[in-house]
>>> print(open('final.cif').read())   # mmCIF, C-alpha atoms
data_query
loop_
_atom_site.label_atom_id
_atom_site.label_comp_id
_atom_site.auth_asym_id
_atom_site.auth_seq_id
_atom_site.Cartn_x
_atom_site.Cartn_y
_atom_site.Cartn_z
CA MET R 1 -42.40 3.79 -12.52
CA PRO R 2 -41.31 2.70 -15.97
CA GLN R 3 -40.04 5.52 -18.12
CA PHE R 4 -38.96 5.56 -21.72
CA GLU R 5 -37.50 8.31 -23.89
CA THR R 6 -36.24 8.26 -27.44
CA ARG R 7 -35.21 10.62 -30.22
CA ARG R 8 -35.73 9.28 -33.70
CA PRO R 9 -34.67 11.00 -36.93
CA VAL R 10 -37.24 10.57 -39.72
CA ARG R 11 -37.46 11.63 -43.36
CA HIS R 12 -40.71 13.54 -42.90
CA THR R 13 -41.42 17.13 -41.91
CA PRO R 14 -42.39 18.08 -38.35
CA GLU R 15 -45.83 19.05 -39.67
CA GLN R 16 -46.35 15.65 -41.29
CA MET R 17 -45.32 13.80 -38.13
CA PHE R 18 -47.42 16.08 -35.93
CA ASP R 19 -50.48 15.44 -38.13
CA LEU R 20 -49.88 11.69 -38.11
CA ILE R 21 -49.57 11.44 -34.33
CA ALA R 22 -52.43 13.91 -33.74
CA ASP R 23 -54.74 11.63 -35.79
CA VAL R 24 -55.43 9.43 -32.75
CA GLU R 25 -58.54 7.76 -34.21
CA LYS R 26 -56.29 5.88 -36.65
CA TYR R 27 -54.10 4.32 -33.93
CA PRO R 28 -55.92 0.95 -33.88
CA GLN R 29 -54.91 0.46 -37.53
CA PHE R 30 -51.18 0.30 -36.82
CA LEU R 31 -50.17 0.83 -33.19
CA PRO R 32 -49.04 -2.18 -31.12
CA LEU R 33 -51.54 -3.21 -28.39
CA CYS R 34 -54.07 -0.52 -29.40
CA GLU R 35 -57.42 -2.20 -30.06
CA ALA R 36 -59.77 0.79 -30.02
CA LEU R 37 -59.69 4.55 -29.62
CA SER R 38 -62.59 6.96 -29.40
CA ILE R 39 -62.77 10.70 -28.89
CA ARG R 40 -65.09 11.85 -26.08
CA SER R 41 -64.64 15.55 -26.74
CA ARG R 42 -62.69 17.99 -28.89
CA LYS R 43 -62.22 21.69 -28.08
CA GLU R 44 -60.26 24.52 -29.67
CA ARG R 45 -58.63 26.98 -27.27
CA ASP R 46 -55.92 29.61 -27.77
CA GLY R 47 -54.80 28.08 -31.06
CA LYS R 48 -54.52 24.64 -29.45
CA GLU R 49 -56.79 21.63 -29.63
CA LEU R 50 -57.74 19.62 -26.55
CA LEU R 51 -59.04 16.07 -26.97
CA VAL R 52 -60.35 13.70 -24.35
CA ALA R 53 -59.90 10.15 -25.65
CA ASP R 54 -60.53 6.59 -24.50
CA MET R 55 -57.96 4.02 -25.60
CA THR R 56 -58.40 0.27 -25.22
CA VAL R 57 -55.23 -1.78 -25.14
CA GLY R 58 -55.01 -5.51 -25.03
CA TYR R 59 -52.65 -8.41 -24.84
CA LYS R 60 -53.91 -11.99 -24.95
CA ALA R 61 -56.92 -12.16 -22.58
CA ILE R 62 -56.23 -8.82 -20.85
CA ARG R 63 -58.07 -5.66 -21.97
CA GLU R 64 -57.84 -2.27 -20.30
CA THR R 65 -59.37 1.07 -21.29
CA PHE R 66 -57.98 4.36 -20.09
CA THR R 67 -58.85 8.00 -20.64
CA THR R 68 -56.39 10.76 -21.46
CA GLN R 69 -56.37 14.46 -22.29
CA VAL R 70 -54.41 15.15 -25.45
CA LEU R 71 -53.24 18.74 -25.98
CA LEU R 72 -52.27 19.41 -29.60
CA ASN R 73 -50.03 22.46 -29.80
CA ARG R 74 -49.28 22.82 -33.51
CA ALA R 75 -47.43 26.17 -33.17
CA ASP R 76 -44.86 24.67 -30.77
CA ARG R 77 -44.90 21.24 -32.48
CA VAL R 78 -45.74 19.51 -29.19
CA ILE R 79 -48.34 16.94 -28.19
CA ASP R 80 -48.87 16.47 -24.44
CA VAL R 81 -50.86 13.54 -23.10
CA LYS R 82 -52.15 13.59 -19.52
CA TYR R 83 -53.84 10.71 -17.73
CA VAL R 84 -57.47 11.07 -16.61
CA ASP R 85 -58.79 7.63 -15.62
CA GLY R 86 -58.11 3.92 -15.90
CA PRO R 87 -55.62 1.31 -14.68
CA PHE R 88 -52.69 3.66 -14.12
CA ARG R 89 -51.61 5.53 -11.01
CA TYR R 90 -50.27 8.12 -13.46
CA LEU R 91 -49.24 8.43 -17.11
CA ASP R 92 -47.41 11.35 -18.73
CA ASN R 93 -46.53 11.34 -22.39
CA ARG R 94 -44.98 14.00 -24.63
CA TRP R 95 -44.18 14.16 -28.33
CA ARG R 96 -42.01 16.94 -29.74
CA PHE R 97 -40.98 17.47 -33.38
CA GLU R 98 -37.76 19.28 -34.25
CA ALA R 99 -37.02 20.24 -37.87
CA VAL R 100 -33.88 18.86 -39.48
CA GLY R 101 -33.21 20.41 -42.86
CA GLU R 102 -36.17 21.06 -45.14
CA THR R 103 -37.69 17.58 -45.29
CA GLY R 104 -36.79 15.82 -42.07
CA CYS R 105 -37.25 16.00 -38.35
CA THR R 106 -36.32 14.41 -35.08
CA VAL R 107 -39.25 12.92 -33.20
CA HIS R 108 -38.82 13.18 -29.43
CA PHE R 109 -40.99 10.70 -27.52
CA PHE R 110 -41.22 10.50 -23.72
CA ILE R 111 -43.50 8.41 -21.51
CA ASP R 112 -43.61 7.88 -17.77
CA TYR R 113 -46.26 5.68 -16.14
CA GLU R 114 -47.15 3.39 -13.28
CA PHE R 115 -50.01 0.90 -12.95
CA LYS R 116 -52.31 1.16 -9.91
CA SER R 117 -52.29 -2.61 -9.42
CA ARG R 118 -49.05 -4.51 -8.86
CA ILE R 119 -50.66 -7.59 -10.39
CA LEU R 120 -51.65 -5.73 -13.56
CA GLY R 121 -48.21 -4.11 -13.61
CA ALA R 122 -46.61 -7.54 -13.45
CA LEU R 123 -48.92 -8.94 -16.17
CA MET R 124 -48.81 -6.02 -18.59
CA GLY R 125 -45.77 -4.01 -17.55
CA SER R 126 -43.17 -5.74 -19.69
CA MET R 127 -45.56 -5.83 -22.65
CA PHE R 128 -46.27 -2.09 -22.31
CA ASP R 129 -42.56 -1.40 -22.05
CA ARG R 130 -41.90 -3.28 -25.30
CA ALA R 131 -44.86 -1.64 -27.02
CA PHE R 132 -43.75 1.88 -26.04
CA ARG R 133 -40.29 1.08 -27.39
CA MET R 134 -41.93 0.12 -30.71
CA PHE R 135 -44.20 3.20 -30.92
CA SER R 136 -41.68 5.46 -32.65
CA GLU R 137 -40.94 2.80 -35.23
CA ALA R 138 -44.66 2.13 -35.79
CA PHE R 139 -45.31 5.84 -36.41
CA GLU R 140 -42.33 6.11 -38.76
CA LYS R 141 -43.56 3.11 -40.78
CA ARG R 142 -47.02 4.66 -40.91
CA ALA R 143 -45.52 7.97 -42.11
CA ASP R 144 -43.57 6.15 -44.84
CA MET R 145 -46.78 4.46 -45.95
CA ILE R 146 -48.85 7.68 -46.00
CA TYR R 147 -46.28 10.25 -47.17
CA GLY R 148 -43.91 7.97 -49.10
CA VAL R 149 -40.23 7.38 -48.47
CA ALA R 150 -38.03 10.41 -49.20
#
>>> encode(input="final.cif", output="structure tokens")
Amino acid sequence: MPQFETRRPVRHTPEQMFDLIADVEKYPQFLPLCEALSIRSRKERDGKELLVADMTVGYKAIRETFTTQVLLNRADRVIDVKYVDGPFRYLDNRWRFEAVGETGCTVHFFIDYEFKSRILGALMGSMFDRAFRMFSEAFEKRADMIYGVA
């Protein structure tokens, strides 16, 4: 039942950070442990976009693929990720972007998960915990690279 939450001020707009995190196909280029990501489906509904995505994560000889539903709610500046299938008992993840001034924002990141297998949890749990702690920093570095440093 690991859980992690952080709030990180960045020098990019909420819209820029939303776009960056919503661009899930690019995750393997910069996100720790993420080896592959593919979109199974993409639907527009009520001004929101719903993706179903498969993400493969790996560490040393261990590889696991899991499926999530990603709800992109641009109007509310929220991205909700719900677990569908894979090695977890459950996984809930939420991103929220709060404007700070005209050119900055606070990125709120929350994740709560548990592996189905105790063995897999023991093998990958601490690595996942460290990776999730690095996610916000990885996205901020990516934003600096794409949008420049303000």
>>> residues_around(input="final.cif", residues="Arg40 of chain R", least_positions_apart="6", cutoff="9 Å", atoms="all atoms listed in the file", output="CSV table (one decimal) with C-alpha atoms, in the frame of the given file")
chain,number,residue,atom,x,y,z
R,51,LEU,CA,-59.0,16.1,-27.0
R,52,VAL,CA,-60.4,13.7,-24.4
R,53,ALA,CA,-59.9,10.2,-25.6
R,54,ASP,CA,-60.5,6.6,-24.5
>>> resolve_selection(input="final.cif", expression="the PyMOL selection byres ((chain R and resi 112-122) around 7)", output="list in words")
Met1, Pro2, Gln3, Phe4, Pro87, Phe88, Arg89, Tyr90, Leu91, Asp92, Asn93, Phe110, Ile111, Leu123, Met124 and Gly125 of chain R
>>> resolve_selection(input="final.cif", expression="the PyMOL selection byres ((chain R and resi 82) around 9)", output="PyMOL selection string")
chain R and resi 67-71+80-81+83-84+90-94
>>> atom_distance(input="final.cif", atom1="atom CA of Ala131 of chain R", atom2="atom CA of Lys48 of chain R")
28.1 Å
>>> resolve_selection(input="final.cif", expression="the PyMOL selection byres ((chain R and resi 105) around 7)", output="PyMOL selection string")
chain R and resi 9-14+97-100+104+106-107
